[in-house]
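**Q** File follows, final.cif with mmCIF, C-alpha atoms:
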data_upload
loop_
_atom_site.label_atom_id
_atom_site.label_comp_id
_atom_site.auth_asym_id
_atom_site.auth_seq_id
_atom_site.Cartn_x
_atom_site.Cartn_y
_atom_site.Cartn_z
CA MET E 27 8.09 13.57 17.28
CA ALA E 28 10.02 13.59 14.01
CA LYS E 29 8.29 14.92 10.94
CA LYS E 30 7.64 12.30 8.26
CA ILE E 31 9.47 12.71 5.00
CA TYR E 32 7.54 11.55 1.96
CA ASP E 33 10.45 10.99 -0.40
CA LYS E 34 9.95 7.57 -2.01
CA PRO E 35 7.97 7.47 -5.27
CA ILE E 36 5.29 4.78 -5.45
CA ILE E 37 2.58 3.94 -7.96
CA VAL E 38 -0.85 2.75 -6.86
CA GLN E 39 -2.56 0.52 -9.39
CA LYS E 40 -6.13 -0.73 -9.62
CA ILE E 41 -7.29 -3.81 -11.46
CA ASP E 42 -9.89 -3.36 -14.18
CA GLU E 43 -12.35 -6.10 -13.30
CA ASP E 44 -13.55 -6.38 -16.92
CA THR E 45 -10.15 -6.74 -18.61
CA GLU E 46 -8.26 -8.06 -15.55
CA LYS E 47 -5.41 -5.66 -16.36
CA TRP E 48 -3.74 -3.35 -13.86
CA LYS E 49 -3.93 0.38 -14.46
CA SER E 50 -1.78 3.01 -12.74
CA ILE E 51 -4.08 5.49 -11.04
CA TYR E 52 -1.90 7.45 -8.58
CA THR E 53 1.75 8.39 -8.48
CA LEU E 54 2.52 9.39 -4.91
CA HIS E 55 5.44 10.04 -2.61
CA ALA E 56 5.56 7.93 0.54
CA ASN E 57 7.47 7.37 3.72
CA VAL E 58 8.39 3.68 3.38
CA ASN E 59 9.38 1.45 6.26
CA LYS E 60 9.86 -2.27 6.74
CA THR E 61 7.55 -3.84 9.28
CA ARG E 62 9.00 -5.77 12.19
CA GLN E 63 8.85 -9.13 10.51
CA GLY E 64 8.24 -10.72 7.17
CA GLU E 65 5.83 -13.54 6.53
CA GLU E 66 7.24 -17.01 5.95
CA TYR E 67 5.39 -19.88 4.39
CA LEU E 68 6.18 -23.32 3.05
CA SER E 69 5.99 -23.78 -0.71
CA ALA E 70 7.15 -26.87 -2.59
CA GLY E 71 9.22 -27.97 0.40
CA ALA E 72 11.16 -24.70 0.66
CA ILE E 73 10.60 -21.79 3.00
CA GLN E 74 9.63 -18.67 1.13
CA SER E 75 9.37 -15.23 2.66
CA LYS E 76 7.36 -12.17 1.84
CA ASN E 77 8.44 -8.65 2.65
CA LYS E 78 5.98 -6.40 4.44
CA LEU E 79 6.36 -2.66 4.04
CA THR E 80 4.31 0.23 5.34
CA PHE E 81 3.68 3.06 2.92
CA ASP E 82 2.68 6.29 4.68
CA VAL E 83 1.16 8.81 2.27
CA ARG E 84 -0.59 12.11 2.68
CA TYR E 85 -4.35 11.85 2.79
CA PHE E 86 -6.46 12.90 -0.18
CA LYS E 87 -10.17 12.21 -0.66
CA LYS E 88 -9.91 9.63 -3.48
CA ILE E 89 -7.53 7.39 -1.49
CA GLU E 90 -10.52 6.43 0.68
CA ASP E 91 -11.64 4.15 -2.17
CA ILE E 92 -8.88 1.73 -1.15
CA GLU E 93 -10.20 1.25 2.40
CA LEU E 94 -13.02 -1.17 1.63
CA ASN E 95 -11.54 -2.65 -1.55
CA THR E 96 -7.88 -3.35 -0.77
CA GLN E 97 -7.88 -6.47 -2.95
CA LEU E 98 -8.48 -4.30 -6.05
CA TYR E 99 -5.30 -2.26 -5.50
CA ARG E 100 -1.57 -2.81 -5.37
CA ILE E 101 1.60 -0.75 -5.04
CA LEU E 102 4.64 -0.67 -7.29
CA PHE E 103 7.81 0.30 -5.42
CA ASN E 104 11.43 -0.13 -6.48
CA GLY E 105 10.45 -2.56 -9.23
CA ASN E 106 8.47 -4.79 -6.87
CA ILE E 107 4.74 -5.41 -6.52
CA TYR E 108 3.04 -5.20 -3.13
CA ASP E 109 -0.52 -6.32 -2.50
CA ILE E 110 -2.34 -3.95 -0.15
CA HIS E 111 -3.42 -5.85 2.97
CA ASP E 112 -4.46 -2.96 5.20
CA TYR E 113 -5.53 0.69 5.06
CA ASP E 114 -5.25 2.89 8.15
CA ASP E 115 -6.40 6.52 8.34
CA TYR E 116 -5.35 7.04 11.97
CA LYS E 117 -8.40 8.13 13.99
CA TYR E 118 -9.93 9.23 10.67
CA GLU E 119 -8.02 12.49 11.02
CA HIS E 120 -7.45 12.63 7.24
CA LYS E 121 -3.80 13.63 7.57
CA ASN E 122 -1.87 10.46 6.73
CA VAL E 123 -2.86 7.05 5.43
CA ARG E 124 -0.78 3.97 6.13
CA LEU E 125 -0.99 1.18 3.60
CA LEU E 126 0.43 -2.22 4.48
CA GLY E 127 2.00 -3.80 1.43
CA VAL E 128 2.99 -7.47 1.18
CA SER E 129 5.29 -8.56 -1.63
CA GLN E 130 3.92 -11.06 -4.10
#
Any chance you could give the structure as structure tokens?

**A**
Amino acid sequence: MAKKIYDKPIIVQKIDEDTEKWKSIYTLHANVNKTRQGEEYLSAGAIQSKNKLTFDVRYFKKIEDIELNTQLYRILFNGNIYDIHDYDDYKYEHKNVRLLGVSQ
């Protein structure tokens, strides 16, 4: 099995529920990969698509906060914003965390 390379800088932001402004809370390095398919939807008569990316990051204790509150967090990557739709700490081994990001 190939070793993961965490070489893409990402920023995790959290919304301040009082001010409704996003605040950068973590700058991390991730292994980024496109998922098998994007999500298409119909908007104003035209088909729009959303990119889905997986962001694999090394586990650290504070990242667990995202697991039950994904809607409060988002990822900035390559100038794009990705809403976090899923959090996966495989078998709760606390080695890697996979975040599923969907473009806005």

**Q** Considering all atoms listed in the file, state which residue in the set E:His111, E:Lys117, E:His55, E:Arg124 is at the smallest distance from E:Leu94.

**A** E:His111

**Q** Given the file shown, determine the residues that the PyMOL selection byres ((chain E and resi 115) around 10) selects; report them as a PDB file with C-alpha atoms, in the frame of the given file.

**A**
ATOM      1  CA  ASP E  82       2.680   6.290   4.680  1.00  0.00           C
ATOM      2  CA  VAL E  83       1.160   8.810   2.270  1.00  0.00           C
ATOM      3  CA  ARG E  84      -0.590  12.110   2.680  1.00  0.00           C
ATOM      4  CA  TYR E  85      -4.350  11.850   2.790  1.00  0.00           C
ATOM      5  CA  ILE E  89      -7.530   7.390  -1.490  1.00  0.00           C
ATOM      6  CA  GLU E  90     -10.520   6.430   0.680  1.00  0.00           C
ATOM      7  CA  GLU E  93     -10.200   1.250   2.400  1.00  0.00           C
ATOM      8  CA  TYR E 113      -5.530   0.690   5.060  1.00  0.00           C
ATOM      9  CA  ASP E 114      -5.250   2.890   8.150  1.00  0.00           C
ATOM     10  CA  TYR E 116      -5.350   7.040  11.970  1.00  0.00           C
ATOM     11  CA  LYS E 117      -8.400   8.130  13.990  1.00  0.00           C
ATOM     12  CA  TYR E 118      -9.930   9.230  10.670  1.00  0.00           C
ATOM     13  CA  GLU E 119      -8.020  12.490  11.020  1.00  0.00           C
ATOM     14  CA  HIS E 120      -7.450  12.630   7.240  1.00  0.00           C
ATOM     15  CA  LYS E 121      -3.800  13.630   7.570  1.00  0.00           C
ATOM     16  CA  ASN E 122      -1.870  10.460   6.730  1.00  0.00           C
ATOM     17  CA  VAL E 123      -2.860   7.050   5.430  1.00  0.00           C
ATOM     18  CA  ARG E 124      -0.780   3.970   6.130  1.00  0.00           C
ATOM     19  CA  LEU E 125      -0.990   1.180   3.600  1.00  0.00           C
TER      20      LEU E 125
END

**Q** Do you know which residues the PyMOL selection byres ((chain E and resi 102-108) around 8) returns on this file, as a PyMOL selection string?

**A** chain E and resi 35-39+100-101+109-110+127-130

**Q** Counting all atoms listed in the file, figure out which residue out of E:Leu54, E:Ile31, E:Glu46, E:Asn59 gets nearest to E:Phe86.

**A**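 Going through E:Leu54, E:Ile31, E:Glu46, E:Asn59 one by one, the smallest distance to E:Phe86 is for E:Leu54.
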
**Q** Taking only C-alpha atoms into account, which of E:Ile51, E:Ile41, E:Ala56, E:Leu79 comes nearest E:Gln97?

**A**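 Going through E:Ile51, E:Ile41, E:Ala56, E:Leu79 one by one, the smallest distance to E:Gln97 is for E:Ile41.
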
**Q** Of the residues E:Lys34, E:Lys60, E:Lys40, E:Lys29, which is the one nearest to E:Thr96, using all atoms listed in the file?

**A** E:Lys40

**Q** Would you mind reading off the distance between atom CA of E:Thr80 and atom CA of E:Leu126, one decimal, in Å?

**A**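 A separation of 4.7 Å between them.
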
**Q** What is the atom CA of E:Lys47-atom CA of E:Asp33 distance in Å, reported with one decimal?

**A** 28.0 Å

**Q** How many Å separate atom CA of E:Lys78 from atom CA of E:Thr45?

**A** 28.1 Å

**Q** Which one of E:Thr61, E:Asp42, E:Lys30, E:Tyr52 sits closest to E:Lys76 if you count only C-alpha atoms?

**A** E:Thr61

**Q** Starting from the incomplete input, reconstruct N, CA and C atoms of stretch 94-115 of chain E and report them as a short mmCIF file (atom, residue, chain, number, x, y, z; two decimals), in the frame of the given file.

**A**
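The resulting file, rebuild-v3.cif, is reproduced below:
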data_model
loop_
_atom_site.label_atom_id
_atom_site.label_comp_id
_atom_site.auth_asym_id
_atom_site.auth_seq_id
_atom_site.Cartn_x
_atom_site.Cartn_y
_atom_site.Cartn_z
N LEU E 94 -12.11 -0.02 1.63
CA LEU E 94 -13.02 -1.17 1.63
C LEU E 94 -12.77 -2.14 0.47
N ASN E 95 -11.80 -1.83 -0.36
CA ASN E 95 -11.54 -2.65 -1.55
C ASN E 95 -10.05 -2.90 -1.74
N THR E 96 -9.34 -3.22 -0.66
CA THR E 96 -7.88 -3.35 -0.77
C THR E 96 -7.45 -4.39 -1.80
N GLN E 97 -8.26 -5.41 -2.02
CA GLN E 97 -7.88 -6.47 -2.95
C GLN E 97 -7.86 -5.99 -4.41
N LEU E 98 -8.46 -4.83 -4.68
CA LEU E 98 -8.48 -4.30 -6.05
C LEU E 98 -7.27 -3.42 -6.36
N TYR E 99 -6.41 -3.20 -5.35
CA TYR E 99 -5.30 -2.26 -5.50
C TYR E 99 -3.97 -2.93 -5.16
N ARG E 100 -2.91 -2.37 -5.71
CA ARG E 100 -1.57 -2.81 -5.37
C ARG E 100 -0.62 -1.63 -5.52
N ILE E 101 0.60 -1.80 -5.00
CA ILE E 101 1.60 -0.75 -5.04
C ILE E 101 2.83 -1.24 -5.78
N LEU E 102 3.36 -0.40 -6.65
CA LEU E 102 4.64 -0.67 -7.29
C LEU E 102 5.67 0.21 -6.59
N PHE E 103 6.74 -0.43 -6.12
CA PHE E 103 7.81 0.30 -5.42
C PHE E 103 9.14 -0.39 -5.71
N ASN E 104 10.08 0.38 -6.18
CA ASN E 104 11.43 -0.13 -6.48
C ASN E 104 11.40 -1.39 -7.35
N GLY E 105 10.51 -1.42 -8.31
CA GLY E 105 10.45 -2.56 -9.23
C GLY E 105 9.74 -3.78 -8.68
N ASN E 106 9.17 -3.67 -7.49
CA ASN E 106 8.47 -4.79 -6.87
C ASN E 106 6.98 -4.48 -6.72
N ILE E 107 6.18 -5.53 -6.67
CA ILE E 107 4.74 -5.41 -6.52
C ILE E 107 4.35 -5.79 -5.10
N TYR E 108 3.53 -4.96 -4.49
CA TYR E 108 3.04 -5.20 -3.13
C TYR E 108 1.52 -5.18 -3.13
N ASP E 109 0.93 -6.28 -2.69
CA ASP E 109 -0.52 -6.32 -2.50
C ASP E 109 -0.85 -5.50 -1.26
N ILE E 110 -1.94 -4.76 -1.31
CA ILE E 110 -2.34 -3.95 -0.15
C ILE E 110 -3.20 -4.82 0.76
N HIS E 111 -2.71 -5.01 2.00
CA HIS E 111 -3.42 -5.85 2.97
C HIS E 111 -4.14 -5.05 4.04
N ASP E 112 -3.79 -3.76 4.18
CA ASP E 112 -4.46 -2.96 5.20
C ASP E 112 -4.39 -1.49 4.83
N TYR E 113 -5.39 -0.76 5.27
CA TYR E 113 -5.53 0.69 5.06
C TYR E 113 -5.81 1.29 6.42
N ASP E 114 -5.04 2.29 6.83
CA ASP E 114 -5.25 2.89 8.15
C ASP E 114 -5.17 4.41 8.05
N ASP E 115 -6.31 5.06 8.23
CA ASP E 115 -6.40 6.52 8.34
C ASP E 115 -6.54 6.78 9.84
#
